[in-house]
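So this one's input.cif, mmCIF, C-alpha atoms:
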```
data_start
loop_
_atom_site.label_atom_id
_atom_site.label_comp_id
_atom_site.auth_asym_id
_atom_site.auth_seq_id
_atom_site.Cartn_x
_atom_site.Cartn_y
_atom_site.Cartn_z
CA MET Q 1 25.19 -40.53 9.76
CA ARG Q 2 24.55 -43.71 7.75
CA LEU Q 3 23.10 -43.88 4.25
CA GLU Q 4 20.91 -46.91 3.57
CA GLY Q 5 18.09 -45.55 1.50
CA SER Q 6 17.21 -43.10 4.25
CA ILE Q 7 19.34 -40.82 6.39
CA VAL Q 8 19.84 -41.97 9.97
CA MET Q 9 20.79 -39.21 12.34
CA SER Q 10 20.31 -38.31 15.95
CA LYS Q 11 17.61 -35.89 17.06
CA ARG Q 12 20.30 -33.39 17.90
CA GLY Q 13 21.61 -33.57 14.33
CA TRP Q 14 18.19 -32.70 12.90
CA VAL Q 15 17.77 -29.84 15.34
CA ILE Q 16 21.15 -28.45 14.29
CA ILE Q 17 20.01 -28.57 10.66
CA ILE Q 18 16.79 -26.68 11.51
CA MET Q 19 18.79 -24.09 13.43
CA THR Q 20 21.20 -23.67 10.52
CA SER Q 21 18.29 -23.24 8.11
CA LEU Q 22 16.87 -20.55 10.37
CA ILE Q 23 20.19 -18.68 10.34
CA VAL Q 24 20.44 -19.03 6.55
CA ASN Q 25 16.92 -17.64 6.13
CA VAL Q 26 17.52 -14.66 8.42
CA ILE Q 27 20.63 -13.71 6.42
CA SER Q 28 18.91 -14.47 3.12
CA LEU Q 29 15.93 -12.25 3.95
CA GLN Q 30 18.25 -9.41 4.89
CA HIS Q 31 20.11 -9.76 1.57
CA THR Q 32 16.80 -9.94 -0.31
CA ILE Q 33 15.63 -6.64 1.16
CA GLU Q 34 19.02 -5.00 0.48
CA ALA Q 35 18.99 -6.28 -3.12
CA TYR Q 36 15.39 -5.17 -3.63
CA TYR Q 37 16.07 -1.60 -2.53
CA GLY Q 38 19.31 -1.61 -4.52
CA ARG Q 39 17.27 -2.75 -7.57
CA GLU Q 40 19.51 -5.79 -8.00
CA TYR Q 41 16.69 -8.02 -9.12
CA GLY Q 42 18.98 -10.90 -10.09
CA ALA Q 43 20.22 -11.05 -6.50
CA VAL Q 44 16.60 -11.03 -5.23
CA THR Q 45 15.91 -14.16 -7.30
CA THR Q 46 19.08 -15.87 -6.03
CA CYS Q 47 18.23 -15.11 -2.40
CA MET Q 48 14.68 -16.36 -2.86
CA ILE Q 49 15.93 -19.66 -4.33
CA VAL Q 50 18.32 -20.08 -1.38
CA SER Q 51 15.48 -19.36 1.07
CA ILE Q 52 13.08 -21.83 -0.53
CA ALA Q 53 15.79 -24.52 -0.57
CA SER Q 54 16.46 -23.77 3.09
CA VAL Q 55 12.74 -24.08 3.90
CA ILE Q 56 12.61 -27.49 2.20
CA VAL Q 57 15.67 -28.64 4.16
CA ALA Q 58 14.15 -27.35 7.42
CA LEU Q 59 10.82 -29.10 6.82
CA THR Q 60 12.57 -32.38 5.94
CA ALA Q 61 14.68 -32.10 9.09
CA TYR Q 62 11.58 -31.31 11.16
CA ILE Q 63 9.70 -34.35 9.83
CA ASN Q 64 12.67 -36.59 10.63
CA TRP Q 65 13.11 -35.07 14.08
CA ARG Q 66 9.40 -35.56 14.78
CA LYS Q 67 9.59 -39.23 13.79
CA LEU Q 68 12.38 -39.80 16.29
CA GLU Q 69 10.89 -37.61 19.00
CA TYR Q 70 7.44 -39.21 19.03
CA ASN Q 71 8.61 -42.74 18.31
CA MET S 1 -14.41 -33.42 47.03
CA SER S 2 -15.71 -30.01 48.05
CA GLU S 3 -13.73 -26.86 47.23
CA GLN S 4 -13.00 -26.35 50.89
CA GLY S 5 -11.72 -29.92 51.20
CA LYS S 6 -9.37 -29.42 48.24
CA GLN S 7 -7.94 -26.31 49.80
CA LYS S 8 -7.27 -28.17 53.02
CA ARG S 9 -5.63 -31.02 51.13
CA HIS S 10 -3.20 -28.69 49.30
CA ARG S 11 -2.52 -26.56 52.32
CA GLU S 12 1.12 -25.95 53.11
CA GLU S 13 2.03 -27.76 56.25
CA THR S 14 5.14 -25.77 56.88
CA GLU S 15 6.68 -22.43 55.91
CA HIS S 16 10.10 -23.99 55.44
CA ASP S 17 11.58 -23.31 51.96
CA MET S 18 12.80 -26.84 51.42
CA MET S 19 9.30 -28.23 51.92
CA ASN S 20 7.63 -26.04 49.28
CA LEU S 21 9.81 -26.60 46.24
CA ILE S 22 6.99 -27.06 43.73
CA GLU S 23 5.05 -23.94 44.64
CA ASN S 24 6.41 -21.96 41.69
CA LEU S 25 5.74 -24.66 39.07
CA LYS S 26 2.88 -24.10 36.64
CA ARG S 27 1.72 -27.07 34.65
CA GLY S 28 0.32 -24.84 31.89
CA ASP S 29 3.73 -23.29 31.27
CA ASP S 30 5.38 -26.69 31.20
CA VAL S 31 3.03 -27.77 28.42
CA LYS S 32 3.45 -24.53 26.44
CA TYR S 33 7.13 -23.74 26.84
CA ASN S 34 9.23 -26.83 26.43
CA ARG S 35 11.88 -28.28 24.12
CA ARG S 36 9.38 -29.64 21.62
CA ALA S 37 7.52 -26.34 21.38
CA PHE S 38 10.82 -24.53 20.90
CA ILE S 39 11.84 -26.75 17.97
CA LYS S 40 8.41 -26.41 16.39
CA SER S 41 8.54 -22.62 16.72
CA MET S 42 12.03 -22.60 15.24
CA THR S 43 10.79 -24.57 12.21
CA GLY S 44 7.81 -22.24 11.86
CA ALA S 45 10.07 -19.19 11.96
CA THR S 46 12.35 -20.72 9.32
CA VAL S 47 9.41 -21.35 7.00
CA ALA S 48 7.95 -17.87 7.61
CA LEU S 49 11.26 -16.11 6.92
CA GLY S 50 11.85 -18.20 3.82
CA LEU S 51 8.40 -17.46 2.41
CA ALA S 52 8.81 -13.75 3.20
CA THR S 53 11.29 -13.47 0.31
CA ILE S 54 8.63 -14.44 -2.27
CA PRO S 55 6.73 -11.09 -2.32
CA PHE S 56 10.01 -9.27 -3.06
CA GLN S 57 10.58 -11.59 -6.02
CA ILE S 58 7.02 -11.07 -7.32
CA VAL S 59 7.25 -7.29 -7.07
CA SER S 60 10.73 -7.13 -8.59
CA ALA S 61 9.66 -9.37 -11.50
CA ASN S 62 7.00 -6.79 -12.39
CA LYS S 63 9.39 -3.84 -12.25
CA LYS S 64 10.89 -2.59 -15.46
CA ALA S 65 14.50 -1.54 -15.82
CA ASP S 66 15.24 2.18 -16.17
CA LYS S 67 15.20 3.52 -19.69
CA ASP S 68 18.44 5.42 -20.13
CA ALA S 69 16.90 8.58 -21.55
CA ARG S 70 19.04 11.64 -22.27
CA VAL S 71 17.53 14.59 -20.44
CA LYS S 72 18.85 18.14 -20.39
CA ILE S 73 19.23 19.41 -16.81
CA ALA S 74 20.69 22.92 -17.06
CA GLU S 75 23.09 25.20 -18.87
CA LEU S 76 26.53 24.95 -17.31
CA ALA S 77 26.89 28.75 -17.35
CA SER S 78 23.86 29.10 -15.09
CA LEU S 79 25.40 26.79 -12.48
CA PRO S 80 28.39 28.43 -10.75
CA LYS S 81 30.69 26.49 -8.41
CA GLY S 82 29.12 25.77 -5.04
CA SER S 83 25.57 25.77 -6.36
CA SER S 84 22.94 23.16 -7.08
CA VAL S 85 19.77 22.70 -9.06
CA ASN S 86 16.90 20.25 -8.68
CA PHE S 87 15.48 18.21 -11.53
CA SER S 88 13.69 14.91 -12.14
CA TYR S 89 15.25 11.78 -13.63
CA PRO S 90 14.33 9.35 -15.11
CA THR S 91 10.64 9.97 -14.31
CA GLU S 92 8.83 12.98 -12.87
CA GLY S 93 8.53 11.19 -9.53
CA ASP S 94 12.29 10.63 -9.20
CA THR S 95 13.54 13.97 -7.99
CA ALA S 96 17.27 14.61 -8.20
CA ILE S 97 19.91 17.18 -7.43
CA LEU S 98 22.74 18.36 -9.68
CA VAL S 99 25.65 19.89 -7.80
CA HIS S 100 28.55 21.92 -9.15
CA THR S 101 30.93 21.36 -6.23
CA VAL S 102 33.30 23.91 -4.78
CA GLU S 103 36.14 21.96 -6.41
CA GLY S 104 34.45 22.29 -9.82
CA GLU S 105 33.11 18.73 -10.22
CA LEU S 106 29.64 18.00 -11.53
CA VAL S 107 27.74 15.32 -9.64
CA ALA S 108 24.08 14.34 -9.55
CA TYR S 109 22.06 12.03 -7.34
CA ASN S 110 18.43 11.22 -6.76
CA ASN S 111 17.72 13.39 -3.77
CA LYS S 112 15.40 11.19 -1.73
CA CYS S 113 17.23 10.26 1.45
CA THR S 114 17.75 6.49 1.64
CA HIS S 115 16.57 6.57 5.25
CA LEU S 116 12.98 7.88 5.07
CA GLN S 117 12.78 9.56 1.65
CA CYS S 118 13.15 13.17 2.84
CA PRO S 119 14.69 15.53 0.26
CA VAL S 120 18.46 15.96 0.44
CA PHE S 121 20.07 19.39 0.09
CA TYR S 122 23.53 20.63 -0.84
CA GLU S 123 25.42 22.49 1.88
CA LYS S 124 28.03 24.65 0.22
CA GLU S 125 29.97 25.49 3.41
CA ARG S 126 30.83 21.86 4.15
CA ASP S 127 30.59 20.66 0.52
CA ILE S 128 28.24 17.88 1.62
CA LEU S 129 24.70 16.62 1.03
CA VAL S 130 22.41 16.95 4.04
CA CYS S 131 19.10 15.38 4.93
CA PRO S 132 17.59 17.80 7.48
CA CYS S 133 14.90 15.40 8.73
CA HIS S 134 17.19 13.19 10.83
CA ARG S 135 20.57 14.80 10.16
CA GLY S 136 21.85 12.35 7.60
CA PHE S 137 24.99 13.36 5.69
CA PHE S 138 26.15 12.05 2.31
CA ASN S 139 29.56 12.39 0.70
CA ILE S 140 29.26 14.76 -2.24
CA LYS S 141 31.81 12.85 -4.33
CA THR S 142 30.41 9.36 -3.85
CA GLY S 143 26.84 9.77 -2.57
CA HIS S 144 27.60 7.32 0.24
CA PRO S 145 26.30 8.00 3.77
CA MET S 146 28.83 9.52 6.17
CA GLU S 147 26.79 10.25 9.29
CA GLY S 148 23.31 9.73 10.69
CA PRO S 149 20.71 7.05 10.08
CA PRO S 150 21.01 6.43 6.27
CA GLN S 151 22.68 3.11 5.46
CA ARG S 152 22.63 3.06 1.66
CA GLU S 153 24.11 5.37 -0.95
CA LEU S 154 22.04 7.80 -3.03
CA PRO S 155 21.37 6.59 -6.60
CA LEU S 156 23.95 8.14 -8.91
CA ILE S 157 22.84 9.99 -12.05
CA GLU S 158 25.36 9.69 -14.85
CA LEU S 159 26.09 13.01 -16.52
CA GLU S 160 27.31 14.25 -19.85
CA VAL S 161 28.35 17.78 -20.75
CA ALA S 162 27.78 18.76 -24.35
CA GLY S 163 27.42 22.15 -26.00
CA GLY S 164 27.59 24.00 -22.70
CA ALA S 165 24.68 22.04 -21.22
CA VAL S 166 24.53 19.24 -18.65
CA TYR S 167 22.58 16.11 -19.54
CA ALA S 168 21.48 13.15 -17.43
CA VAL S 169 22.15 9.97 -19.37
CA GLY S 170 21.70 7.08 -16.91
CA ARG S 171 21.25 5.99 -13.33
CA LYS S 172 23.13 3.59 -11.07
CA TYR S 173 21.61 2.37 -7.82
CA ARG S 174 24.67 0.59 -6.50
CA HIS S 175 27.97 2.34 -7.06
CA GLU S 176 31.37 2.93 -5.50
#
```
Target encoding structure tokens, full file:
Amino acid sequence: MRLEGSIVMSKRGWVIIIMTSLIVNVISLQHTIEAYYGREYGAVTTCMIVSIASVIVALTAYINWRKLEYN
Amino acid sequence: MSEQGKQKRHREETEHDMMNLIENLKRGDDVKYNRRAFIKSMTGATVALGLATIPFQIVSANKKADKDARVKIAELASLPKGSSVNFSYPTEGDTAILVHTVEGELVAYNNKCTHLQCPVFYEKERDILVCPCHRGFFNIKTGHPMEGPPQRELPLIELEVAGGAVYAVGRKYRHE
């Protein structure tokens, strides 16, 4: 990985990031449901923030992967 | 080329396995199910799962916290050891059970099973809470599931004994 204004990474690297985001979101959704039924509304908010951040990371990774893939 | 001509052109010339290696290949599947499609689906699933948390946040933001009202449940004298009584707390829709255990402890829980909301009953013989619908068992001392499908504990009703009467004074969803 090299930082020069934009991140340069291999396609495999971006795919690993997408896969990690998927795992994070599966776990986060499970915790959200648990927290919701346990009426821990603070935890619901935390999990939602983590999920949204993970979605943004996944979309960024996808866009970068697509650039490399269809180049 | 006529349809008959095409069939002749693609006709197998031999039955030998090594000569017909592409017979099981389908171009449609190759286009649909490939590495690119897999990565796109994975991204889609990530986005879908992430967005699925938002409705929980919206609903929970509109929910109000329990008001810790003090509600009289029963006279202690009318509740001998090994018996139970049903009541509602904190609202009429939240049914609950107060148990005077065989050991003499007073415990109360909301009595909707955390599996599929069936009512939970006290079984004196085993000193345990039972959900008869799918044979779920809860520990009488903690309200935590011991056997069967329930995965979460029953909400605990906090009690106070004053002047020979038992009062409900609060509720805890998550507890030890």
Check: which chain Q residues lie within 6 Å of chain S using all atoms listed in the file, as a list of chain:residue names: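 The selection requested is Q:Leu22, Q:Asn25, Q:Gly38, Q:Met48, Q:Ser51, Q:Ile52, Q:Val55.
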All residues 8 Å or closer to Ser84 in chain S, all atoms listed in the file, same chain fewer than 6 positions away omitted, as an NGL selection string: :S and (97-100 or 122)
Residue IDs satisfying the PyMOL selection byres ((chain S and resi 115) around 9), as a list in words: Lys112, Cys113, Thr114, Leu116, Gln117, Cys118, His134, Gly136, Pro149, Pro150, Gln151 and Arg152 of chain S
Selection result for the PyMOL selection byres ((chain S and resi 162) around 12) on this file, as a ChimeraX atom specification: /S:70-76,159-161,163-169
Selection: 10 Å around Glu69 in chain Q, all atoms listed in the file, excl. self and same-chain fewer than 5 positions, as a list in words: Ser10, Lys11, Ile63 and Asn64 of chain Q; Arg36 of chain S
Å distance separating CA of Val26 in chain Q from CA of Ser54 in chain Q, one decimal place: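 Between these atoms lies a distance of 10.6 Å.
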Residues near Glu123 in chain S, cut-off 12 Å, all atoms listed in the file, skip fewer than 3 positions along chain, as an NGL selection string: :S and (82-84 or 99-102 or 120 or 126-132 or 137-140)
Distance in Å - CA of Asp68 in chain S versus CA of Phe121 in chain S: 24.6 Å
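For the atom pair formed by CA of His144 in chain S and CA of Tyr109 in chain S, the distance is 10.5 Å, given to one decimal.
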Using the partial input, fill out range 35-70 of chain Q with N, CA and C atoms; write the result as an mmCIF file, in the frame of the given file.
```
data_model
loop_
_atom_site.group_PDB
_atom_site.id
_atom_site.type_symbol
_atom_site.label_atom_id
_atom_site.label_comp_id
_atom_site.auth_asym_id
_atom_site.auth_seq_id
_atom_site.Cartn_x
_atom_site.Cartn_y
_atom_site.Cartn_z
ATOM 1 N N ALA Q 35 18.933 -6.170 -1.650
ATOM 2 C CA ALA Q 35 18.990 -6.280 -3.120
ATOM 3 C C ALA Q 35 17.769 -5.621 -3.745
ATOM 4 N N TYR Q 36 16.617 -5.756 -3.092
ATOM 5 C CA TYR Q 36 15.390 -5.170 -3.630
ATOM 6 C C TYR Q 36 15.497 -3.647 -3.663
ATOM 7 N N TYR Q 37 15.947 -3.062 -2.561
ATOM 8 C CA TYR Q 37 16.070 -1.600 -2.530
ATOM 9 C C TYR Q 37 17.223 -1.102 -3.395
ATOM 10 N N GLY Q 38 18.212 -1.967 -3.627
ATOM 11 C CA GLY Q 38 19.310 -1.610 -4.520
ATOM 12 C C GLY Q 38 18.988 -1.932 -5.968
ATOM 13 N N ARG Q 39 17.752 -2.391 -6.221
ATOM 14 C CA ARG Q 39 17.270 -2.750 -7.570
ATOM 15 C C ARG Q 39 18.160 -3.792 -8.247
ATOM 16 N N GLU Q 40 18.739 -4.677 -7.441
ATOM 17 C CA GLU Q 40 19.510 -5.790 -8.000
ATOM 18 C C GLU Q 40 18.589 -7.004 -8.053
ATOM 19 N N TYR Q 41 17.755 -7.037 -9.088
ATOM 20 C CA TYR Q 41 16.690 -8.020 -9.120
ATOM 21 C C TYR Q 41 17.199 -9.449 -9.321
ATOM 22 N N GLY Q 42 18.358 -9.576 -9.949
ATOM 23 C CA GLY Q 42 18.980 -10.900 -10.090
ATOM 24 C C GLY Q 42 19.327 -11.484 -8.726
ATOM 25 N N ALA Q 43 19.843 -10.618 -7.854
ATOM 26 C CA ALA Q 43 20.220 -11.050 -6.500
ATOM 27 C C ALA Q 43 18.980 -11.411 -5.683
ATOM 28 N N VAL Q 44 17.857 -10.708 -5.928
ATOM 29 C CA VAL Q 44 16.600 -11.030 -5.230
ATOM 30 C C VAL Q 44 16.191 -12.471 -5.562
ATOM 31 N N THR Q 45 16.282 -12.803 -6.854
ATOM 32 C CA THR Q 45 15.910 -14.160 -7.300
ATOM 33 C C THR Q 45 16.820 -15.203 -6.643
ATOM 34 N N THR Q 46 18.128 -14.921 -6.634
ATOM 35 C CA THR Q 46 19.080 -15.870 -6.030
ATOM 36 C C THR Q 46 18.754 -16.100 -4.550
ATOM 37 N N CYS Q 47 18.522 -15.002 -3.834
ATOM 38 C CA CYS Q 47 18.230 -15.110 -2.400
ATOM 39 C C CYS Q 47 16.939 -15.891 -2.165
ATOM 40 N N MET Q 48 15.949 -15.652 -3.032
ATOM 41 C CA MET Q 48 14.680 -16.360 -2.860
ATOM 42 C C MET Q 48 14.873 -17.869 -3.062
ATOM 43 N N ILE Q 49 15.667 -18.233 -4.065
ATOM 44 C CA ILE Q 49 15.930 -19.660 -4.330
ATOM 45 C C ILE Q 49 16.633 -20.293 -3.112
ATOM 46 N N VAL Q 50 17.606 -19.577 -2.568
ATOM 47 C CA VAL Q 50 18.320 -20.080 -1.380
ATOM 48 C C VAL Q 50 17.338 -20.274 -0.219
ATOM 49 N N SER Q 51 16.456 -19.292 -0.030
ATOM 50 C CA SER Q 51 15.480 -19.360 1.070
ATOM 51 C C SER Q 51 14.532 -20.545 0.914
ATOM 52 N N ILE Q 52 14.034 -20.734 -0.298
ATOM 53 C CA ILE Q 52 13.080 -21.830 -0.530
ATOM 54 C C ILE Q 52 13.785 -23.184 -0.301
ATOM 55 N N ALA Q 53 15.018 -23.279 -0.780
ATOM 56 C CA ALA Q 53 15.790 -24.520 -0.570
ATOM 57 C C ALA Q 53 15.976 -24.761 0.926
ATOM 58 N N SER Q 54 16.259 -23.673 1.642
ATOM 59 C CA SER Q 54 16.460 -23.770 3.090
ATOM 60 C C SER Q 54 15.177 -24.200 3.809
ATOM 61 N N VAL Q 55 14.040 -23.700 3.326
ATOM 62 C CA VAL Q 55 12.740 -24.080 3.900
ATOM 63 C C VAL Q 55 12.508 -25.586 3.694
ATOM 64 N N ILE Q 56 12.803 -26.064 2.491
ATOM 65 C CA ILE Q 56 12.610 -27.490 2.200
ATOM 66 C C ILE Q 56 13.501 -28.345 3.111
ATOM 67 N N VAL Q 57 14.745 -27.915 3.272
ATOM 68 C CA VAL Q 57 15.670 -28.640 4.160
ATOM 69 C C VAL Q 57 15.135 -28.638 5.592
ATOM 70 N N ALA Q 58 14.653 -27.467 6.042
ATOM 71 C CA ALA Q 58 14.150 -27.350 7.420
ATOM 72 C C ALA Q 58 12.937 -28.252 7.638
ATOM 73 N N LEU Q 59 12.024 -28.271 6.669
ATOM 74 C CA LEU Q 59 10.820 -29.100 6.820
ATOM 75 C C LEU Q 59 11.185 -30.595 6.825
ATOM 76 N N THR Q 60 12.125 -30.971 5.965
ATOM 77 C CA THR Q 60 12.570 -32.380 5.940
ATOM 78 C C THR Q 60 13.194 -32.745 7.289
ATOM 79 N N ALA Q 61 14.029 -31.854 7.786
ATOM 80 C CA ALA Q 61 14.680 -32.100 9.090
ATOM 81 C C ALA Q 61 13.639 -32.195 10.193
ATOM 82 N N TYR Q 62 12.630 -31.310 10.131
ATOM 83 C CA TYR Q 62 11.580 -31.310 11.160
ATOM 84 C C TYR Q 62 10.803 -32.630 11.148
ATOM 85 N N ILE Q 63 10.459 -33.088 9.944
ATOM 86 C CA ILE Q 63 9.700 -34.350 9.830
ATOM 87 C C ILE Q 63 10.516 -35.507 10.411
ATOM 88 N N ASN Q 64 11.793 -35.523 10.104
ATOM 89 C CA ASN Q 64 12.670 -36.590 10.630
ATOM 90 C C ASN Q 64 12.826 -36.499 12.137
ATOM 91 N N TRP Q 65 12.989 -35.263 12.626
ATOM 92 C CA TRP Q 65 13.110 -35.070 14.080
ATOM 93 C C TRP Q 65 11.832 -35.535 14.780
ATOM 94 N N ARG Q 66 10.682 -35.206 14.175
ATOM 95 C CA ARG Q 66 9.400 -35.560 14.780
ATOM 96 C C ARG Q 66 9.221 -37.080 14.853
ATOM 97 N N LYS Q 67 9.667 -37.761 13.805
ATOM 98 C CA LYS Q 67 9.590 -39.230 13.790
ATOM 99 C C LYS Q 67 10.343 -39.818 14.971
ATOM 100 N N LEU Q 68 11.550 -39.288 15.188
ATOM 101 C CA LEU Q 68 12.380 -39.800 16.290
ATOM 102 C C LEU Q 68 11.815 -39.392 17.649
ATOM 103 N N GLU Q 69 11.354 -38.161 17.725
ATOM 104 C CA GLU Q 69 10.890 -37.610 19.000
ATOM 105 C C GLU Q 69 9.639 -38.323 19.513
ATOM 106 N N TYR Q 70 8.712 -38.616 18.611
ATOM 107 C CA TYR Q 70 7.440 -39.210 19.030
ATOM 108 C C TYR Q 70 7.403 -40.719 18.821
#
```
